[in-house]
$ cat target-v1.csv   # CSV, C-alpha atoms and all ligand atoms
chain,number,residue,atom,x,y,z
A,1324,MET,CA,0.0,0.0,0.0
A,1325,SER,CA,1.3,3.4,-0.9
A,1326,ASP,CA,2.2,5.8,2.0
A,1327,PRO,CA,-1.2,7.3,3.1
A,1328,LEU,CA,0.4,10.7,3.9
A,1329,PHE,CA,1.2,11.3,0.3
A,1330,THR,CA,-2.1,9.9,-1.1
A,1331,PRO,CA,-4.8,12.4,-2.3
A,1332,ILE,CA,-8.0,12.8,-0.3
A,1333,THR,CA,-11.2,14.7,-0.9
A,1334,LEU,CA,-12.7,16.5,2.1
A,1335,GLY,CA,-16.1,17.8,1.0
A,1336,ALA,CA,-15.4,20.2,-1.9
A,1337,LEU,CA,-11.7,20.3,-1.0
A,1338,LYS,CA,-9.4,18.2,-3.1
A,1339,LEU,CA,-6.1,17.6,-1.3
A,1340,SER,CA,-3.1,16.3,-3.2
A,1341,ASN,CA,-1.7,14.8,0.0
A,1342,ARG,CA,-2.9,14.4,3.6
A,1343,ILE,CA,-0.6,16.8,5.2
A,1344,ALA,CA,-2.3,20.1,6.2
A,1345,MET,CA,-0.7,23.2,7.6
A,1346,SER,CA,-2.3,24.0,10.9
A,1347,PRO,CA,-3.5,27.6,11.5
A,1348,MET,CA,-0.9,29.8,13.0
A,1349,THR,CA,-1.2,33.5,14.1
A,1350,ARG,CA,1.9,35.3,13.0
A,1351,ASP,CA,1.0,39.0,13.7
A,1352,ARG,CA,2.3,40.4,10.4
A,1353,ALA,CA,-0.8,41.9,8.7
A,1354,GLY,CA,-0.5,45.4,7.2
A,1355,PRO,CA,-2.3,48.6,8.2
A,1356,GLU,CA,-6.1,48.2,8.6
A,1357,ASP,CA,-5.4,44.5,9.2
A,1358,VAL,CA,-5.0,43.9,5.5
A,1359,PRO,CA,-2.9,40.9,4.2
A,1360,ASN,CA,0.3,42.2,2.7
A,1361,ASP,CA,3.1,41.1,0.3
A,1362,MET,CA,4.9,39.3,3.1
A,1363,MET,CA,1.8,37.2,3.8
A,1364,VAL,CA,1.3,36.4,0.1
A,1365,GLU,CA,4.8,35.1,-0.1
A,1366,TYR,CA,4.6,33.1,3.2
A,1367,TYR,CA,1.5,31.2,2.1
A,1368,ARG,CA,2.8,30.8,-1.5
A,1369,GLN,CA,6.0,29.1,-0.1
A,1370,ARG,CA,3.9,26.6,1.8
A,1371,ALA,CA,1.4,25.7,-1.0
A,1372,SER,CA,2.6,22.2,-1.4
A,1373,ALA,CA,0.7,21.3,1.8
A,1374,GLY,CA,-2.4,19.3,0.9
A,1375,LEU,CA,-4.4,22.0,2.6
A,1376,ILE,CA,-3.3,25.3,4.2
A,1377,VAL,CA,-5.4,26.6,7.0
A,1378,THR,CA,-4.7,30.3,7.4
A,1379,GLU,CA,-3.9,32.0,10.7
A,1380,GLY,CA,-7.0,33.0,12.7
A,1381,VAL,CA,-8.8,35.8,10.9
A,1382,GLN,CA,-11.3,38.2,12.6
A,1383,PRO,CA,-14.8,38.4,11.1
A,1384,SER,CA,-15.2,42.0,12.5
A,1385,ALA,CA,-13.3,44.7,14.3
A,1386,VAL,CA,-14.8,43.4,17.6
A,1387,GLY,CA,-13.4,39.9,16.9
A,1388,LYS,CA,-9.8,41.1,17.1
A,1389,GLY,CA,-7.7,40.5,20.2
A,1390,TYR,CA,-4.1,40.1,19.1
A,1391,TRP,CA,-1.6,42.4,17.5
A,1392,ARG,CA,-1.6,42.7,13.7
A,1393,THR,CA,-4.0,39.9,13.0
A,1394,PRO,CA,-5.7,40.1,9.6
A,1395,GLY,CA,-9.5,40.6,9.0
A,1396,ILE,CA,-12.0,39.6,6.4
A,1397,TYR,CA,-14.7,42.3,6.8
A,1398,SER,CA,-13.4,45.2,4.6
A,1399,GLN,CA,-13.0,45.3,0.8
A,1400,ALA,CA,-9.2,46.0,1.2
A,1401,GLN,CA,-8.9,42.8,3.4
A,1402,ILE,CA,-10.9,40.8,0.8
A,1403,ASP,CA,-8.6,42.1,-1.9
A,1404,GLY,CA,-5.5,41.2,0.2
A,1405,TRP,CA,-6.8,37.7,0.7
A,1406,ALA,CA,-7.5,37.3,-3.0
A,1407,ARG,CA,-3.8,37.8,-3.6
A,1408,VAL,CA,-3.0,35.1,-1.1
A,1409,ALA,CA,-5.5,32.7,-2.6
A,1410,ASP,CA,-4.2,33.4,-6.1
A,1411,ALA,CA,-0.6,32.7,-5.1
A,1412,VAL,CA,-1.5,29.4,-3.4
A,1413,HIS,CA,-3.6,28.3,-6.3
A,1414,ALA,CA,-0.9,29.2,-8.8
A,1415,GLU,CA,1.3,26.7,-7.0
A,1416,GLY,CA,-1.5,24.0,-7.1
A,1417,GLY,CA,-2.5,24.3,-3.4
A,1418,GLN,CA,-5.8,24.6,-1.5
A,1419,ILE,CA,-6.4,27.1,1.2
A,1420,VAL,CA,-9.1,27.6,3.8
A,1421,MET,CA,-9.4,30.5,6.1
A,1422,GLN,CA,-9.7,30.1,9.9
A,1423,ILE,CA,-12.4,32.4,11.2
A,1424,MET,CA,-11.4,33.3,14.8
A,1425,HIS,CA,-13.4,35.7,16.9
A,1426,CYS,CA,-11.5,36.3,20.1
A,1427,GLY,CA,-14.5,37.2,22.3
A,1428,ARG,CA,-13.1,38.2,25.7
A,1429,VAL,CA,-9.5,37.4,24.8
A,1430,VAL,CA,-8.6,41.0,23.9
A,1431,VAL,CA,-5.7,43.3,24.9
A,1432,ALA,CA,-7.2,46.6,23.9
A,1433,ALA,CA,-3.9,48.1,22.8
A,1434,ASN,CA,-3.5,45.3,20.2
A,1435,ARG,CA,-6.4,46.7,18.2
A,1436,GLY,CA,-5.4,50.3,17.3
A,1437,TYR,CA,-9.1,51.4,17.5
A,1438,GLU,CA,-11.9,51.5,20.0
A,1439,ALA,CA,-14.4,48.6,19.9
A,1440,ASP,CA,-16.5,46.5,22.1
A,1441,VAL,CA,-15.3,43.5,24.0
A,1442,ILE,CA,-18.0,40.8,24.1
A,1443,ALA,CA,-18.4,37.4,25.6
A,1444,PRO,CA,-21.2,35.0,26.7
A,1445,SER,CA,-20.9,36.3,30.3
A,1446,ALA,CA,-19.2,39.3,31.8
A,1447,LEU,CA,-16.2,37.3,33.0
A,1448,PRO,CA,-12.7,38.3,32.1
A,1449,CYS,CA,-10.1,35.8,30.7
A,1450,PRO,CA,-7.9,34.8,33.6
A,1451,ASP,CA,-4.8,34.4,31.4
A,1452,LYS,CA,-2.6,37.2,30.1
A,1453,VAL,CA,-2.1,37.7,26.4
A,1454,PRO,CA,0.8,39.3,24.6
A,1455,GLY,CA,0.3,43.0,23.9
A,1456,PRO,CA,1.9,45.0,21.0
A,1457,ASP,CA,5.3,44.7,22.5
A,1458,GLY,CA,4.9,40.9,23.0
A,1459,VAL,CA,4.8,41.2,26.8
A,1460,PRO,CA,1.8,39.4,28.4
A,1461,ALA,CA,-0.8,41.9,29.4
A,1462,GLU,CA,-4.2,41.9,31.2
A,1463,THR,CA,-7.2,41.3,28.9
A,1464,ALA,CA,-10.1,43.7,28.8
A,1465,MET,CA,-13.3,43.2,30.8
A,1466,PRO,CA,-16.0,41.9,28.4
A,1467,ARG,CA,-19.7,42.8,28.5
A,1468,ALA,CA,-22.2,39.9,28.3
A,1469,LEU,CA,-24.0,39.6,24.9
A,1470,ASP,CA,-27.8,40.2,24.9
A,1471,ALA,CA,-29.7,37.3,23.4
A,1472,ASP,CA,-31.2,39.7,20.9
A,1473,GLU,CA,-27.7,40.6,19.6
A,1474,LEU,CA,-26.9,37.0,18.7
A,1475,PRO,CA,-28.6,36.8,15.3
A,1476,ALA,CA,-26.5,39.7,14.0
A,1477,LEU,CA,-23.4,38.1,15.4
A,1478,VAL,CA,-24.2,34.8,13.6
A,1479,ALA,CA,-24.8,36.8,10.4
A,1480,GLU,CA,-21.3,38.3,10.8
A,1481,PHE,CA,-19.7,34.9,10.7
A,1482,ALA,CA,-21.8,34.0,7.6
A,1483,THR,CA,-20.6,37.2,5.9
A,1484,ALA,CA,-17.0,36.4,6.8
A,1485,ALA,CA,-17.4,33.0,5.1
A,1486,ARG,CA,-18.9,34.7,2.0
A,1487,ASN,CA,-16.1,37.2,1.9
A,1488,ALA,CA,-13.5,34.5,2.1
A,1489,ARG,CA,-15.1,32.8,-0.9
A,1490,ALA,CA,-15.3,36.1,-2.7
A,1491,ALA,CA,-11.6,36.4,-2.3
A,1492,GLY,CA,-11.2,33.0,-3.9
A,1493,ILE,CA,-10.4,31.2,-0.6
A,1494,ASP,CA,-11.5,27.5,-0.9
A,1495,GLY,CA,-13.4,27.3,2.4
A,1496,ILE,CA,-13.4,28.3,6.0
A,1497,GLU,CA,-12.6,26.6,9.3
A,1498,LEU,CA,-14.4,27.8,12.4
A,1499,HIS,CA,-12.1,28.2,15.4
A,1500,ALA,CA,-13.9,26.6,18.3
A,1501,SER,CA,-10.8,25.9,20.3
A,1502,SER,CA,-8.3,27.5,22.7
A,1503,GLY,CA,-10.8,29.7,24.7
A,1504,TYR,CA,-12.0,32.1,21.9
A,1505,LEU,CA,-15.6,33.2,21.4
A,1506,ILE,CA,-17.1,29.9,20.2
A,1507,ASN,CA,-15.2,28.0,22.9
A,1508,GLN,CA,-16.4,30.6,25.4
A,1509,PHE,CA,-20.0,29.6,24.6
A,1510,LEU,CA,-19.2,25.9,24.8
A,1511,ASN,CA,-17.4,26.1,28.1
A,1512,PRO,CA,-19.1,26.5,31.5
A,1513,ALA,CA,-16.2,28.5,33.0
A,1514,SER,CA,-16.9,31.3,30.5
A,1515,ASN,CA,-20.6,30.8,29.8
A,1516,GLN,CA,-22.7,31.3,32.9
A,1517,ARG,CA,-25.8,32.5,31.1
A,1518,THR,CA,-29.2,31.5,32.4
A,1519,ASP,CA,-31.0,31.9,29.0
A,1520,ASP,CA,-31.3,29.4,26.1
A,1521,PHE,CA,-27.6,29.8,25.3
A,1522,GLY,CA,-26.1,28.8,28.7
A,1523,GLY,CA,-26.5,26.1,31.4
A,1524,SER,CA,-26.9,22.6,30.0
A,1525,PRO,CA,-24.5,21.3,27.3
A,1526,GLU,CA,-27.5,21.4,24.9
A,1527,SER,CA,-27.8,25.2,25.6
A,1528,ARG,CA,-24.1,25.9,25.5
A,1529,ILE,CA,-23.7,24.4,22.1
A,1530,ARG,CA,-26.7,26.4,20.7
A,1531,PHE,CA,-24.8,29.5,19.5
A,1532,PRO,CA,-21.9,27.5,18.0
A,1533,VAL,CA,-24.3,25.3,16.1
A,1534,MET,CA,-26.2,28.4,14.8
A,1535,VAL,CA,-22.9,29.9,13.6
A,1536,LEU,CA,-21.9,26.7,11.8
A,1537,LYS,CA,-25.3,26.3,10.1
A,1538,ALA,CA,-25.2,29.9,9.0
A,1539,MET,CA,-21.7,29.5,7.5
A,1540,ALA,CA,-22.8,26.2,5.8
A,1541,ASP,CA,-25.8,27.9,4.4
A,1542,ALA,CA,-23.7,30.8,3.1
A,1543,ILE,CA,-21.0,28.8,1.3
A,1544,GLY,CA,-22.0,25.2,1.3
A,1545,SER,CA,-21.3,22.8,4.2
A,1546,ASP,CA,-18.7,21.0,2.0
A,1547,ARG,CA,-16.5,24.0,2.3
A,1548,VAL,CA,-16.8,24.4,6.1
A,1549,GLY,CA,-14.5,22.8,8.7
A,1550,LEU,CA,-14.5,23.0,12.5
A,1551,ARG,CA,-11.6,23.1,14.8
A,1552,PHE,CA,-11.9,22.0,18.4
A,1553,SER,CA,-9.8,20.6,21.2
A,1554,PRO,CA,-11.7,18.9,24.0
A,1555,GLY,CA,-10.0,19.3,27.4
A,1556,ASN,CA,-7.8,22.3,26.3
A,1557,PRO,CA,-7.3,24.6,29.3
A,1558,TYR,CA,-6.1,27.5,27.2
A,1559,ASN,CA,-7.5,31.0,28.1
A,1560,GLY,CA,-9.3,29.8,31.2
A,1561,MET,CA,-11.4,26.9,29.9
A,1562,ASP,CA,-12.7,24.3,32.4
A,1563,VAL,CA,-11.3,20.9,31.5
A,1564,THR,CA,-13.8,18.8,33.5
A,1565,ASP,CA,-15.6,16.1,31.5
A,1566,PRO,CA,-15.2,17.6,28.0
A,1567,ALA,CA,-17.2,14.6,26.5
A,1568,ALA,CA,-20.3,16.0,28.2
A,1569,THR,CA,-20.2,19.0,25.9
A,1570,PHE,CA,-18.5,17.6,22.8
A,1571,ILE,CA,-20.7,14.5,22.3
A,1572,PRO,CA,-23.9,16.6,22.1
A,1573,LEU,CA,-22.0,19.0,19.8
A,1574,LEU,CA,-20.9,16.2,17.5
A,1575,LYS,CA,-24.4,14.8,17.3
A,1576,ALA,CA,-25.9,18.2,16.6
A,1577,ILE,CA,-23.6,19.0,13.7
A,1578,ALA,CA,-23.6,15.5,12.2
A,1579,PRO,CA,-26.5,16.3,9.8
A,1580,LEU,CA,-24.6,19.3,8.5
A,1581,GLY,CA,-22.1,17.2,6.6
A,1582,LEU,CA,-19.2,19.4,7.1
A,1583,ALA,CA,-16.0,19.1,5.0
A,1584,TYR,CA,-13.8,18.1,8.0
A,1585,LEU,CA,-13.3,18.2,11.7
A,1586,HIS,CA,-9.8,19.5,12.7
A,1587,VAL,CA,-9.2,17.8,16.1
A,1588,LEU,CA,-6.4,19.3,18.2
A,1589,ASP,CA,-5.9,16.1,20.3
A,1590,MET,CA,-4.7,17.0,23.8
A,1591,GLY,CA,-3.8,13.3,24.5
A,1592,LEU,CA,-6.1,13.2,27.5
A,1593,ALA,CA,-5.5,10.3,29.9
A,1594,ASP,CA,-9.2,9.8,30.6
A,1595,LEU,CA,-10.7,10.4,27.1
A,1596,ASP,CA,-9.8,8.9,23.7
A,1597,THR,CA,-10.7,12.0,21.8
A,1598,LEU,CA,-10.3,10.6,18.3
A,1599,ALA,CA,-12.5,7.6,19.2
A,1600,MET,CA,-15.1,9.9,20.6
A,1601,VAL,CA,-15.2,11.9,17.4
A,1602,ARG,CA,-15.4,8.8,15.2
A,1603,ASP,CA,-18.2,7.3,17.4
A,1604,HIS,CA,-20.4,10.3,16.9
A,1605,SER,CA,-19.5,11.6,13.4
A,1606,THR,CA,-18.8,10.3,9.9
A,1607,THR,CA,-17.1,13.6,9.0
A,1608,PRO,CA,-13.4,13.2,8.0
A,1609,ILE,CA,-10.9,14.0,10.7
A,1610,ILE,CA,-7.7,16.0,10.4
A,1611,VAL,CA,-5.7,15.3,13.5
A,1612,ASN,CA,-3.2,17.6,15.0
A,1613,ASN,CA,-0.8,18.2,17.9
A,1614,MET,CA,2.9,17.2,18.3
A,1615,LEU,CA,2.8,14.7,15.4
A,1616,THR,CA,5.7,13.2,13.4
A,1617,ALA,CA,5.3,11.6,10.0
A,1618,GLU,CA,5.4,8.2,11.7
A,1619,LYS,CA,2.7,9.0,14.2
A,1620,GLY,CA,0.5,10.6,11.6
A,1621,ARG,CA,0.9,7.6,9.3
A,1622,ALA,CA,0.0,5.2,12.1
A,1623,LEU,CA,-3.2,7.2,12.9
A,1624,ILE,CA,-4.3,7.1,9.3
A,1625,TYR,CA,-3.5,3.4,8.9
A,1626,ALA,CA,-5.4,2.6,12.1
A,1627,GLY,CA,-8.4,4.5,10.7
A,1628,ARG,CA,-8.4,7.0,13.6
A,1629,ALA,CA,-7.9,10.0,11.3
A,1630,ASP,CA,-8.0,10.8,7.6
A,1631,ALA,CA,-5.4,13.5,7.4
A,1632,VAL,CA,-2.8,15.1,9.7
A,1633,SER,CA,-1.8,18.7,10.3
A,1634,PHE,CA,1.5,20.2,11.4
A,1635,GLY,CA,1.9,23.6,12.9
A,1636,ARG,CA,5.4,24.4,14.1
A,1637,ALA,CA,7.1,22.2,11.5
A,1638,PHE,CA,5.7,24.3,8.7
A,1639,ILE,CA,7.2,27.5,10.2
A,1640,ALA,CA,10.8,26.6,9.4
A,1641,ASN,CA,10.1,24.1,6.6
A,1642,PRO,CA,8.1,25.7,3.8
A,1643,ASP,CA,8.6,22.5,1.8
A,1644,LEU,CA,7.6,20.2,4.7
A,1645,VAL,CA,5.8,17.7,2.4
A,1646,THR,CA,9.0,17.2,0.3
A,1647,ARG,CA,11.1,16.8,3.4
A,1648,LEU,CA,8.8,14.2,4.9
A,1649,GLN,CA,8.7,12.3,1.7
A,1650,ALA,CA,12.5,12.4,1.4
A,1651,GLY,CA,13.0,11.6,5.1
A,1652,ALA,CA,15.1,14.8,5.2
A,1653,PRO,CA,16.0,16.5,8.4
A,1654,LEU,CA,13.6,19.3,9.6
A,1655,ALA,CA,14.8,22.8,10.3
A,1656,LYS,CA,13.9,24.3,13.7
A,1657,PRO,CA,11.9,27.5,14.0
A,1658,ASP,CA,13.4,30.6,15.6
A,1659,TYR,CA,10.9,30.9,18.5
A,1660,THR,CA,11.9,34.5,19.1
A,1661,LYS,CA,10.4,35.4,15.7
A,1662,LEU,CA,7.0,33.8,15.9
A,1663,TYR,CA,5.1,37.1,16.3
A,1664,THR,CA,7.8,39.6,15.4
A,1665,GLY,CA,10.6,40.1,12.9
A,1666,GLU,CA,8.7,41.0,9.7
A,1667,ALA,CA,10.2,38.8,6.9
A,1668,GLN,CA,12.8,37.4,9.3
A,1669,GLY,CA,11.7,34.1,10.8
A,1670,TYR,CA,8.7,34.3,8.4
A,1671,THR,CA,9.6,34.1,4.7
A,1672,ASP,CA,13.3,33.6,5.0
A,1673,TYR,CA,13.4,29.8,5.8
A,1674,PRO,CA,14.8,28.1,2.7
A,1675,ALA,CA,13.4,25.1,0.9
A,1676,LEU,CA,15.5,22.0,0.8
A,1677,ASP,CA,16.8,22.4,-2.7
A,1678,ALA,CA,17.9,25.9,-1.8
A,1679,THR,CA,19.9,24.6,1.2
A,1680,ALA,CA,21.5,21.7,-0.7
A,1681,GLY,CA,25.1,21.9,-2.1
A,1701,LIG,C1,2.9,30.6,16.5
A,1701,LIG,C2,1.6,29.8,16.6
A,1701,LIG,C3,0.4,30.4,16.4
A,1701,LIG,C4,-0.8,29.7,16.5
A,1701,LIG,N1,-2.0,30.2,16.1
A,1701,LIG,C5,-3.1,29.5,16.0
A,1701,LIG,C6,-4.3,30.0,15.5
A,1701,LIG,O1,-4.4,31.2,15.0
A,1701,LIG,N2,-5.4,29.2,15.5
A,1701,LIG,C7,-5.4,27.9,15.9
A,1701,LIG,O2,-6.4,27.2,15.9
A,1701,LIG,N3,-4.2,27.4,16.4
A,1701,LIG,C8,-3.1,28.1,16.5
A,1701,LIG,N4,-1.9,27.6,16.9
A,1701,LIG,C9,-1.9,26.1,17.2
A,1701,LIG,C10,-1.4,25.3,16.0
A,1701,LIG,O3,-2.3,25.4,14.9
A,1701,LIG,C11,-1.2,23.8,16.4
A,1701,LIG,O4,-2.4,23.3,16.9
A,1701,LIG,C12,-0.1,23.6,17.4
A,1701,LIG,O5,1.1,24.3,17.0
A,1701,LIG,C13,0.2,22.1,17.6
A,1701,LIG,O6,0.7,21.6,16.4
A,1701,LIG,P1,2.2,21.2,16.2
A,1701,LIG,O7,2.6,20.4,17.3
A,1701,LIG,O8,2.3,20.5,14.9
A,1701,LIG,O9,3.0,22.5,16.2
A,1701,LIG,C14,-0.7,28.3,16.9
A,1701,LIG,C15,0.5,27.7,17.2
A,1701,LIG,C16,1.7,28.4,17.0
A,1701,LIG,C17,3.0,27.7,17.3

$ encode --input "target-v1.csv" --output "structure tokens"
Amino acid sequence: MSDPLFTPITLGALKLSNRIAMSPMTRDRAGPEDVPNDMMVEYYRQRASAGLIVTEGVQPSAVGKGYWRTPGIYSQAQIDGWARVADAVHAEGGQIVMQIMHCGRVVVAANRGYEADVIAPSALPCPDKVPGPDGVPAETAMPRALDADELPALVAEFATAARNARAAGIDGIELHASSGYLINQFLNPASNQRTDDFGGSPESRIRFPVMVLKAMADAIGSDRVGLRFSPGNPYNGMDVTDPAATFIPLLKAIAPLGLAYLHVLDMGLADLDTLAMVRDHSTTPIIVNNMLTAEKGRALIYAGRADAVSFGRAFIANPDLVTRLQAGAPLAKPDYTKLYTGEAQGYTDYPALDATAG
């Protein structure tokens, strides 16, 4: 049998030439007005041999921004910027989906460069600090609790973001429901203490996330929509008690949507086999992530536990990661001091293998 990592796969409307996806990574390099710039076009172009690129988290609105220099997808200039990224990736034969990330309460006000609301399911601040413009961890802003009658407009904002991504020529979207951002804040009882239809029981906490997914699927087709989640992830103040109690109802509720894929950031929990839980309650293809090697990824696909794999950090310093894995070549290590700073340095200046040889 040929190596499954380098075998094509179809995920909904997405046709991947191999099963190695690039995991979404915020890199804080967008231009003025949160518009994708030349540097970003080049960065994604260099990595287009991935079977699928998932972009960094992209805010659907000004209110969705929490970090420094993250790109948006709500102005015409941002759409035009992303169109240049999509064109560059497609010219290299790649596929690219946009991760839609609304930070909710995880906002350092100085990161925005403008005044805007900070919203969350409940008026509870994020207990973790988040890097400010200078990279130093800073206190997050106090959010205000969303009124239930504001939620339809917020749902519509996500659908518009999905439409805008498609208008830019991006192949699909991935909803970020992990790591303590807005969708995760609704799912999790530590951040969602609402007493209306959107809080309390798991069935109520999943209501807003499911509405968002349905609206995005209606907007661009469910076969172009993915979902990222990580049960048991404590990041940004999430409660890690019994994640299955929330995620099983979520998986059941979204099963009829027929999404393109589920992107599972597997925390390797001792008391929950996350991939088995997802398979048991869903027939949607799984992209698995977190601290993988080619060997581990291959084994997961062979065992039928996942359909494709994603790599984050390995793609930072290895733009041609697929070629390197295929050749069994050594992997370059990223410069961790340049993750969120350095402009082109530590971003677009990592060479491909053929450029480093001889
Ligand atoms: C610099 C950096 C930025 C990240 N930004 C995001 C993000 O915007 N959205 C997201 O879902 N995950 C984000 N992640 C998590 C990665 O997508 C991935 O889950 C993580 O790095 C684990 O995969 P790996 O072991 O292959 O690196 C980020 C990780 C890194 C290192």

$ closest_residue --input "target-v1.csv" --among "A:Glu1618, A:Asp1440, A:Glu1462, A:Glu1379" --to "ligand LIG 1701 (chain A)" --atoms "only C-alpha atoms and all ligand atoms"
A:Glu1379

$ atom_distance --input "target-v1.csv" --atom1 "CA of Leu1574 (chain A)" --atom2 "CA of Ser1605 (chain A)"
6.3 Å

$ closest_residue --input "target-v1.csv" --among "A:Ser1545, A:Thr1569, A:Asn1511, A:Thr1518" --to "Pro1557 (chain A)" --atoms "only C-alpha atoms"
A:Asn1511

$ closest_residue --input "target-v1.csv" --among "A:Leu1662, A:Ala1353, A:Val1377, A:Val1430" --to "Leu1550 (chain A)" --atoms "all atoms listed in the file"
A:Val1377

$ residues_near_ligand --input "target-v1.csv" --ligand "ligand LIG 1701 (chain A)" --cutoff "7 Å" --atoms "all atoms listed in the file" --output "PDB file with C-alpha atoms, keeping the file's coordinate frame"
ATOM      1  CA  SER A1346      -2.300  24.000  10.900  1.00  0.00           C
ATOM      2  CA  PRO A1347      -3.500  27.600  11.500  1.00  0.00           C
ATOM      3  CA  MET A1348      -0.900  29.800  13.000  1.00  0.00           C
ATOM      4  CA  THR A1349      -1.200  33.500  14.100  1.00  0.00           C
ATOM      5  CA  ARG A1350       1.900  35.300  13.000  1.00  0.00           C
ATOM      6  CA  GLU A1379      -3.900  32.000  10.700  1.00  0.00           C
ATOM      7  CA  GLY A1380      -7.000  33.000  12.700  1.00  0.00           C
ATOM      8  CA  HIS A1499     -12.100  28.200  15.400  1.00  0.00           C
ATOM      9  CA  SER A1501     -10.800  25.900  20.300  1.00  0.00           C
ATOM     10  CA  ARG A1551     -11.600  23.100  14.800  1.00  0.00           C
ATOM     11  CA  LEU A1588      -6.400  19.300  18.200  1.00  0.00           C
ATOM     12  CA  ASN A1612      -3.200  17.600  15.000  1.00  0.00           C
ATOM     13  CA  ASN A1613      -0.800  18.200  17.900  1.00  0.00           C
ATOM     14  CA  MET A1614       2.900  17.200  18.300  1.00  0.00           C
ATOM     15  CA  LEU A1615       2.800  14.700  15.400  1.00  0.00           C
ATOM     16  CA  SER A1633      -1.800  18.700  10.300  1.00  0.00           C
ATOM     17  CA  PHE A1634       1.500  20.200  11.400  1.00  0.00           C
ATOM     18  CA  GLY A1635       1.900  23.600  12.900  1.00  0.00           C
ATOM     19  CA  ARG A1636       5.400  24.400  14.100  1.00  0.00           C
ATOM     20  CA  ALA A1637       7.100  22.200  11.500  1.00  0.00           C
ATOM     21  CA  LEU A1662       7.000  33.800  15.900  1.00  0.00           C
ATOM     22  CA  TYR A1663       5.100  37.100  16.300  1.00  0.00           C
TER      23      TYR A1663
END

$ residues_around --input "target-v1.csv" --residues "region 1441-1448 of chain A" --least-positions-apart "5" --cutoff "8 Å" --atoms "only C-alpha atoms" --output "PyMOL selection string"
chain A and resi 1386+1427-1428+1430+1463-1469+1505+1508-1509+1514-1517

$ residues_around --input "target-v1.csv" --residues "Ala1599 (chain A)" --least-positions-apart "4" --cutoff "12 Å" --atoms "all atoms listed in the file" --output "number ranges by chain"
A: 1567, 1571, 1587, 1589, 1591-1592, 1595, 1603-1606, 1609, 1611, 1623, 1626-1629

$ atom_distance --input "target-v1.csv" --atom1 "CA of Gly1495 (chain A)" --atom2 "CA of Asn1641 (chain A)"
24.1 Å

$ closest_residue --input "target-v1.csv" --among "A:Val1563, A:Leu1498, A:Val1533, A:Ala1471" --to "Pro1512 (chain A)" --atoms "all atoms listed in the file"
A:Val1563
